[in-house]
Amino acid sequence: MTSTSADPALAPAVDVAEAPPRSIVRDAVAELRAVARYRHLLRYLVSSSLKTEHANTVLGFLWWVLDPLLLASVYVLLVGVLLQRGGPDFPIFVVAGIIAWELFSKGSLNMVSGTVRKEASMRQVVFPKSVLPLSEIGAAAIHWAFAFSVLLVIAIPFGIYPSAYALLALPIVLVQLVLTLGVGFFLSAFNIFFRDTTRLMQYVFRIGFYLSPVLYPVSVVPERFRDLYLLNPFATLIPAYRDVVMEHRLPDFGALAIVAGGSIVVLILGYLFFVRCQPWFAKLV
Amino acid sequence: MSASSNIVIAARDLGIKYDLRLKRRRTLSHTIAQVIRGDASGSLGRDEFWALQGVSFALERGEVLAVVGGNGSGKSTLMLTIAGVLRPDAGALTTFGHSATLLTLGSGFQPDLTGRENIHLNAAFLGFGPEKIAASLEPIIEFSELGRFIEAPVSTYSTGMRARLGFSIATHLEPQILLLDEILGVGDASFKEKSSEKMDELMSRAQAIVVVSHNPQFVRDIATKALWLERGKLRALGDPAAILEEYAAEIRKARQQMKAVA
C-alpha cells in the first residue's frame with residue numbers, strides 16, 4: 001500500500017514547454033490583444049454599470065442631470081451667496097469645473113472599486129483584468145458627455161451660447177481620460193494589495209479639489225506660487241474647458257500639449273504596473 | 001505538441017506558490033507594523049507556501065481524472081491552474097489550446113441585474129461574443145425553469161433558483177475540458193434528475209474531465225485515472241480503483257483514530 005511515487009509511464013509523454021521568460025512589454029501587448037477579443041464583455045460591463053447605478057432610485061436617470069447641478073448649487077450657495085464672491089456667470093464657471101473634476105475623481109475611484117468588486121470572477125474565470133477598470137472609465141466618460149451637454153444648455157440663460165469652440169472640449173477630455181486611466185490603472189492594482197487605497201483616495205482627491213481651479217480662477221493664486229500651482233494638470237485642463245465653453249476662444253494648446261505628454265507617460269507606467277501585478281490578483285482577492 | 005499524441009492536459013513539475021505576506025485583505029497599517037517590527041525585511045523565502053509542488057501528469061482525450069486529497073492538499077489550486085486562473089510559479093502546465101472552465105454555481109452573479117442579464121454577463125466573462133450568447137440564451141433560460149422570473153433581479157431569487165440558473169449557465173456554455181468541483185446535481189428531485197442527465201451529456205462531449213472529490217465512492221464509477229494530492233505533492237497517480245481504495249482506507253483509518261482519541 002505504498003504507491004507513493006508517480007508511475008513514470010503516466011508522466012507527460014510530450015514536452016511541456018516552460019513559459020518563455022516574462023517580459024513586461026510582451027505581457028502588456030498580450031493583455032491589450034486580449035482586451036480586443038473581450039470587447040463584448042467590455043461593452044456589456046459598461047452598459048450594466050450604467051444600468052445598475054441608479055437602479056433602485058425613484059428619479060433614475062434624472063440623477064445624471066441632477067448630480068452636477070445639485071453639487072454646483074452647493075458651491076454657488078457657499079461661494080457666491082455666503083462669501084459674496086464670483087461673478088454673475090459663477091454657476092456656469094463652477095459647473096464647468098466640477099464636471100471635469102468629477103470625471104477624474106469619480107472615474108478613477110470607480111476604476112479602483114469596480115476592479116476589486118469583481119473578485120469572484122477574477123478567482124474563477126480567465127479574462128483580461130484590465131477590462132474591469134476600462135469599463136468603469138467608459139461609464140464615467142458617458143456620464144461626462146451627458147453632464148457636458150447639460151452644461152451647454154444651462155449656460156444659455158446666462159447669455160452664453162454654444163459655439164463651435166465647444167467641440168474643442170473633445171481633445172481636452174481625451175487628454176484628461178488618458179491621465180485618469182493612468183492614475184486609475186495604477187491605483188486599481190495597488191488597491192488589490194492594500195485595501196485602504198480607496199479610503200485614502202477620497203481624502204487625497206478632496207485636497208486635489210481645492211488645489212485645482214474648480215471654485216476659483218487660476219489668477220487668484222499668488223504670483224510666487226504660480227509655477228508650483230501649474231504643475232497640477234487640472235490648472236491647465238479646467239481653464240481650457242472654460243475657454244472653449246464660456247469665452248469662445250482657443251485654449252492654451254502649448255500647456256495642453258505638455259499635460260498630454262505627461263498624461264501619456266502616466267498611462268504607460270500605470271498600465272505596465274497593472275499588467276505586472278495582474279498574475280497575483282487571483283491569489284489575493 | 002506532436003500530432004500523434006492524444007494528450008489534452010500535460011503538467012510537468014508544476015508548482016504554485018503563495019506568498020503569505022501577501023494575504024488577502026491586508027491593510028497598510030498591517031504592512032507598516034510589519035516593517036517596524038522588521039518582519040517584512042526578512043528573506044522572501046521565509047513566508048512562501050507551496051500549494052502545489054512537483055506535480056506531473058498527463059491526461060489523454062476522453063479520460064476522466066479524479067483528484068482526491070484532504071483539505072488543503074491543493075485540489076482547488078490544481079483546478080484553478082488547469083483553468084488558467086493561476087499561473088505556474090514553477091514547471092509548466094498546458095491544455096494545448098483547449099478551453100478549460102471551472103463549473104461553479106453562479107458565484108459571480110450581479111444581484112442588481114436580472115437573470116437574463118446575468119446569463120449574458122457570465123457568458124461574456126468566458127469570452128463569448130454577442131452571436132454565441134444570443135444563441136445560448138433561450139436554451140439556458142428554458143433549462144433553468146425560471147420562467148418569467150428570468151426578467152427579475154437575481155437579488156430576488158431563492159437559493160434554489162440561483163443554483164438552477166448557475167447550473168444552467170455553467171452546463172450550457174460547453175467548455176472543451178470540464179473541471180468539476182463536486183457539483184453533479186442541484187435543486188429538487190426532478191431538477192436533480194434532469195441536471196445529472198445534462199451532466200452525462202456534457203461529459204460525453206467533453207475532450208477530458210477533471211473531477212475533484214472528497215468522496216472516493218462518488219468518482220469511482222466515472223474515473224479512468226486518479227491523482228492523489230497530499231500537502232501539495234503528488235502522493236499517487238494512476239489506476240483509479242487502487243488509488244481510490246487506498247485513499248478511502250486512509251480516510252477510514254483517520255476517522256477511527258479520531259474516534260479513539262475522543
# chains A, B, ... in the order shown; residues from 1 in each chain; ligands from 1
call {"tool": "closest_atom_pairs", "arguments": {"of": "stretch 102-193 of chain A", "to": "stretch 51-64 of chain A", "cutoff": "8 Å", "atoms": "only C-alpha atoms", "output": "tab-separated table"}}
result
residue	atom	partner	partner_atom	distance
A:His143	CA	A:Trp64	CA	7.0
A:Phe146	CA	A:Trp64	CA	7.3
A:Ala147	CA	A:Trp64	CA	7.0
call {"tool": "write_last_selection", "arguments": {"atoms": "N, CA and C atoms", "output": "JSON list (two decimals), in the first residue's frame"}}
result
[["chain", "number", "residue", "atom", "x", "y", "z"],
["A", 143, "HIS", "N", -21.00, 59.49, -18.73],
["A", 143, "HIS", "CA", -21.53, 60.45, -17.77],
["A", 143, "HIS", "C", -21.08, 61.87, -18.08],
["A", 146, "PHE", "N", -22.74, 63.47, -21.01],
["A", 146, "PHE", "CA", -24.09, 63.89, -20.65],
["A", 146, "PHE", "C", -24.06, 65.20, -19.86],
["A", 147, "ALA", "N", -23.20, 65.22, -18.84],
["A", 147, "ALA", "CA", -23.12, 66.41, -18.00],
["A", 147, "ALA", "C", -22.64, 67.63, -18.81]]
call {"tool": "residues_around", "arguments": {"residues": "stretch 34-38 of chain A", "least_positions_apart": "2", "cutoff": "8 Å", "atoms": "only C-alpha atoms", "output": "VMD selection string"}}
result
(chain A and resid 30 to 32 40 to 42 127 to 128 130 to 131) or (chain B and resid 124 to 125 127 to 129)
call {"tool": "atom_distance", "arguments": {"atom1": "atom CA of A:Phe274", "atom2": "atom CA of A:Ile137"}}
result
15.2 Å
call {"tool": "select_by_dssp", "arguments": {"residues": "stretch 147-189 of chain A", "states": "alpha helix (DSSP H)", "output": "NGL selection string"}}
result
:A and (147-154 or 169-189)
call {"tool": "select_by_dssp", "arguments": {"residues": "stretch 49-169 of chain B", "states": "strand (DSSP E)", "output": "ChimeraX atom specification"}}
result
/B:49-60,64-68,90-94,100-103
call {"tool": "atom_distance", "arguments": {"atom1": "atom CA of B:Leu65", "atom2": "atom CA of B:Lys225"}}
result
4.9 Å
call {"tool": "residues_around", "arguments": {"residues": "stretch 201-216 of chain B", "least_positions_apart": "5", "cutoff": "9 Å", "atoms": "only C-alpha atoms", "output": "PyMOL selection string"}}
result
chain B and resi 8-9+59-71+75-76+79+98+171-172+174-182+196+223+244-245+247-248
call {"tool": "closest_residue", "arguments": {"among": "B:Ser168, B:Thr114, B:Ser56, B:Ser144", "to": "chain A", "atoms": "only C-alpha atoms"}}
result
B:Ser56
call {"tool": "atom_distance", "arguments": {"atom1": "atom CA of A:Thr197", "atom2": "atom CA of A:Val25"}}
result
26.1 Å
call {"tool": "closest_residue", "arguments": {"among": "B:Glu117, B:Glu131, B:Asp13, B:Asp188", "to": "B:Glu145", "atoms": "only C-alpha atoms"}}
result
B:Asp188
call {"tool": "residues_around", "arguments": {"residues": "stretch 173-186 of chain A", "least_positions_apart": "5", "cutoff": "8 Å", "atoms": "only C-alpha atoms", "output": "list in words"}}
result
Phe104, Gly107, Ser108, Leu109, Met111, Val112, Ser130, Pro133, Leu134, Ile137, Ala141, Leu237, Val259, Ala260, Ser263, Ile264, Val266, Leu267, Ile268, Leu269, Gly270, Tyr271, Phe273 and Phe274 of chain A
call {"tool": "closest_residue", "arguments": {"among": "B:Ala163, B:Leu52, B:Ile141, B:Leu234", "to": "chain A", "atoms": "only C-alpha atoms"}}
result
B:Leu234
call {"tool": "closest_residue", "arguments": {"among": "A:Arg242, A:Arg85, A:Lys106, A:Arg199", "to": "chain B", "atoms": "only C-alpha atoms"}}
result
A:Arg199
call {"tool": "residues_around", "arguments": {"residues": "A:Ala282", "least_positions_apart": "3", "cutoff": "7 Å", "atoms": "only C-alpha atoms", "output": "PDB file with N, CA, C and O atoms, in the first residue's frame"}}
result
ATOM      1  N   MET A 122     -12.681  37.127 -10.904  1.00  0.00           N
ATOM      2  CA  MET A 122     -11.238  37.020 -11.126  1.00  0.00           C
ATOM      3  C   MET A 122     -10.692  35.712 -10.590  1.00  0.00           C
ATOM      4  O   MET A 122      -9.698  35.201 -11.056  1.00  0.00           O
ATOM      5  N   ARG A 123     -11.352  35.177  -9.547  1.00  0.00           N
ATOM      6  CA  ARG A 123     -10.873  33.944  -8.951  1.00  0.00           C
ATOM      7  C   ARG A 123     -11.314  32.707  -9.735  1.00  0.00           C
ATOM      8  O   ARG A 123     -10.847  31.617  -9.465  1.00  0.00           O
ATOM      9  N   PRO A 279      -0.998  38.890 -12.465  1.00  0.00           N
ATOM     10  CA  PRO A 279      -0.979  37.463 -12.127  1.00  0.00           C
ATOM     11  C   PRO A 279      -1.278  37.182 -10.652  1.00  0.00           C
ATOM     12  O   PRO A 279      -1.701  36.088 -10.308  1.00  0.00           O
ATOM     13  N   VAL A 285      -7.355  38.212  -4.156  1.00  0.00           N
ATOM     14  CA  VAL A 285      -8.727  38.690  -3.940  1.00  0.00           C
ATOM     15  C   VAL A 285      -9.603  37.598  -3.359  1.00  0.00           C
ATOM     16  O   VAL A 285      -9.282  36.440  -3.452  1.00  0.00           O
TER      17      VAL A 285
ATOM     18  N   VAL B  85      -6.510  30.255 -14.398  1.00  0.00           N
ATOM     19  CA  VAL B  85      -6.659  31.401 -13.497  1.00  0.00           C
ATOM     20  C   VAL B  85      -5.348  31.667 -12.762  1.00  0.00           C
ATOM     21  O   VAL B  85      -4.957  32.813 -12.569  1.00  0.00           O
ATOM     22  N   LEU B  86      -4.663  30.595 -12.372  1.00  0.00           N
ATOM     23  CA  LEU B  86      -3.370  30.747 -11.711  1.00  0.00           C
ATOM     24  C   LEU B  86      -2.256  30.397 -12.685  1.00  0.00           C
ATOM     25  O   LEU B  86      -2.392  29.470 -13.484  1.00  0.00           O
TER      26      LEU B  86
END
call {"tool": "closest_residue", "arguments": {"among": "A:Pro88, A:Gly80, A:Gly159, A:Gly97", "to": "A:Pro68", "atoms": "only C-alpha atoms"}}
result
A:Gly97
call {"tool": "closest_residue", "arguments": {"among": "B:Gln256, B:Thr81, B:Thr94, B:Asn6", "to": "chain A", "atoms": "only C-alpha atoms"}}
result
B:Thr94
call {"tool": "residues_around", "arguments": {"residues": "B:Ala152", "least_positions_apart": "3", "cutoff": "9 Å", "atoms": "only C-alpha atoms", "output": "PyMOL selection string"}}
result
chain B and resi 113-116+148-149+155-157
call {"tool": "decode", "arguments": {"residues": "stretch 43-85 of chain A", "atoms": "N, CA and C atoms", "output": "compact mmCIF listing (two decimals), in the first residue's frame"}}
result
# COMPACT_ATOMS: atom_id res chain seq x y z
N ARG A 43 -18.10 46.10 -23.41
CA ARG A 43 -19.33 46.83 -23.73
C ARG A 43 -20.44 46.48 -22.74
N TYR A 44 -20.55 45.19 -22.45
CA TYR A 44 -21.64 44.77 -21.57
C TYR A 44 -21.45 45.29 -20.15
N LEU A 45 -20.19 45.31 -19.69
CA LEU A 45 -19.92 45.83 -18.35
C LEU A 45 -20.24 47.32 -18.27
N VAL A 46 -19.93 48.06 -19.33
CA VAL A 46 -20.24 49.50 -19.34
C VAL A 46 -21.75 49.68 -19.22
N SER A 47 -22.50 48.95 -20.05
CA SER A 47 -23.94 49.17 -20.03
C SER A 47 -24.56 48.69 -18.73
N SER A 48 -24.05 47.58 -18.17
CA SER A 48 -24.67 47.13 -16.92
C SER A 48 -24.29 48.04 -15.77
N SER A 49 -23.10 48.63 -15.83
CA SER A 49 -22.73 49.57 -14.78
C SER A 49 -23.61 50.81 -14.84
N LEU A 50 -23.90 51.30 -16.03
CA LEU A 50 -24.78 52.46 -16.17
C LEU A 50 -26.20 52.12 -15.71
N LYS A 51 -26.60 50.88 -16.00
CA LYS A 51 -27.97 50.48 -15.68
C LYS A 51 -28.19 50.31 -14.18
N THR A 52 -27.20 49.70 -13.51
CA THR A 52 -27.42 49.41 -12.08
C THR A 52 -27.19 50.62 -11.19
N GLU A 53 -26.49 51.61 -11.70
CA GLU A 53 -26.11 52.75 -10.89
C GLU A 53 -27.29 53.40 -10.17
N HIS A 54 -28.34 53.66 -10.93
CA HIS A 54 -29.50 54.31 -10.31
C HIS A 54 -30.70 53.38 -10.31
N ALA A 55 -30.41 52.06 -10.29
CA ALA A 55 -31.47 51.07 -10.46
C ALA A 55 -32.55 51.19 -9.39
N ASN A 56 -32.16 51.50 -8.16
CA ASN A 56 -33.15 51.50 -7.09
C ASN A 56 -33.59 52.89 -6.66
N THR A 57 -33.36 53.88 -7.51
CA THR A 57 -33.77 55.23 -7.13
C THR A 57 -35.04 55.61 -7.87
N VAL A 58 -35.81 56.50 -7.25
CA VAL A 58 -37.07 56.92 -7.85
C VAL A 58 -36.82 57.73 -9.13
N LEU A 59 -35.83 58.61 -9.07
CA LEU A 59 -35.60 59.52 -10.19
C LEU A 59 -34.76 58.89 -11.30
N GLY A 60 -34.10 57.77 -10.99
CA GLY A 60 -33.36 57.03 -12.01
C GLY A 60 -32.38 57.88 -12.78
N PHE A 61 -32.55 57.86 -14.11
CA PHE A 61 -31.59 58.53 -14.98
C PHE A 61 -31.58 60.05 -14.80
N LEU A 62 -32.61 60.60 -14.18
CA LEU A 62 -32.65 62.03 -13.95
C LEU A 62 -31.47 62.48 -13.08
N TRP A 63 -30.94 61.54 -12.32
CA TRP A 63 -29.79 61.86 -11.47
C TRP A 63 -28.59 62.28 -12.27
N TRP A 64 -28.56 61.87 -13.53
CA TRP A 64 -27.44 62.25 -14.39
C TRP A 64 -27.41 63.76 -14.56
N VAL A 65 -28.58 64.37 -14.60
CA VAL A 65 -28.66 65.82 -14.72
C VAL A 65 -28.54 66.44 -13.34
N LEU A 66 -29.22 65.82 -12.37
CA LEU A 66 -29.28 66.41 -11.04
C LEU A 66 -27.94 66.43 -10.33
N ASP A 67 -27.16 65.36 -10.47
CA ASP A 67 -25.89 65.27 -9.75
C ASP A 67 -25.01 66.49 -9.95
N PRO A 68 -24.64 66.83 -11.20
CA PRO A 68 -23.76 68.01 -11.34
C PRO A 68 -24.45 69.30 -10.92
N LEU A 69 -25.77 69.40 -11.16
CA LEU A 69 -26.48 70.64 -10.83
C LEU A 69 -26.54 70.87 -9.33
N LEU A 70 -26.90 69.81 -8.57
CA LEU A 70 -27.01 69.96 -7.13
C LEU A 70 -25.65 70.24 -6.50
N LEU A 71 -24.65 69.53 -7.01
CA LEU A 71 -23.31 69.74 -6.49
C LEU A 71 -22.88 71.19 -6.72
N ALA A 72 -23.18 71.70 -7.92
CA ALA A 72 -22.81 73.07 -8.23
C ALA A 72 -23.59 74.04 -7.34
N SER A 73 -24.87 73.75 -7.09
CA SER A 73 -25.67 74.67 -6.26
C SER A 73 -25.08 74.81 -4.87
N VAL A 74 -24.53 73.71 -4.34
CA VAL A 74 -23.93 73.76 -3.01
C VAL A 74 -22.81 74.79 -3.01
N TYR A 75 -21.97 74.73 -4.04
CA TYR A 75 -20.83 75.64 -4.07
C TYR A 75 -21.23 77.06 -4.44
N VAL A 76 -22.25 77.19 -5.28
CA VAL A 76 -22.74 78.52 -5.62
C VAL A 76 -23.28 79.19 -4.35
N LEU A 77 -24.00 78.39 -3.56
CA LEU A 77 -24.52 78.90 -2.30
C LEU A 77 -23.39 79.32 -1.37
N LEU A 78 -22.40 78.46 -1.29
CA LEU A 78 -21.28 78.71 -0.37
C LEU A 78 -20.45 79.92 -0.80
N VAL A 79 -19.98 79.86 -2.07
CA VAL A 79 -19.05 80.89 -2.53
C VAL A 79 -19.78 82.15 -3.00
N GLY A 80 -20.81 81.96 -3.80
CA GLY A 80 -21.50 83.11 -4.39
C GLY A 80 -22.35 83.86 -3.40
N VAL A 81 -23.12 83.12 -2.58
CA VAL A 81 -24.07 83.78 -1.70
C VAL A 81 -23.44 84.11 -0.34
N LEU A 82 -22.86 83.10 0.31
CA LEU A 82 -22.36 83.33 1.65
C LEU A 82 -21.08 84.15 1.66
N LEU A 83 -20.14 83.82 0.75
CA LEU A 83 -18.87 84.54 0.74
C LEU A 83 -18.89 85.75 -0.19
N GLN A 84 -20.02 85.91 -0.90
CA GLN A 84 -20.16 87.08 -1.80
C GLN A 84 -19.04 87.19 -2.82
N ARG A 85 -18.59 86.07 -3.32
CA ARG A 85 -17.54 86.09 -4.34
C ARG A 85 -18.10 85.55 -5.65
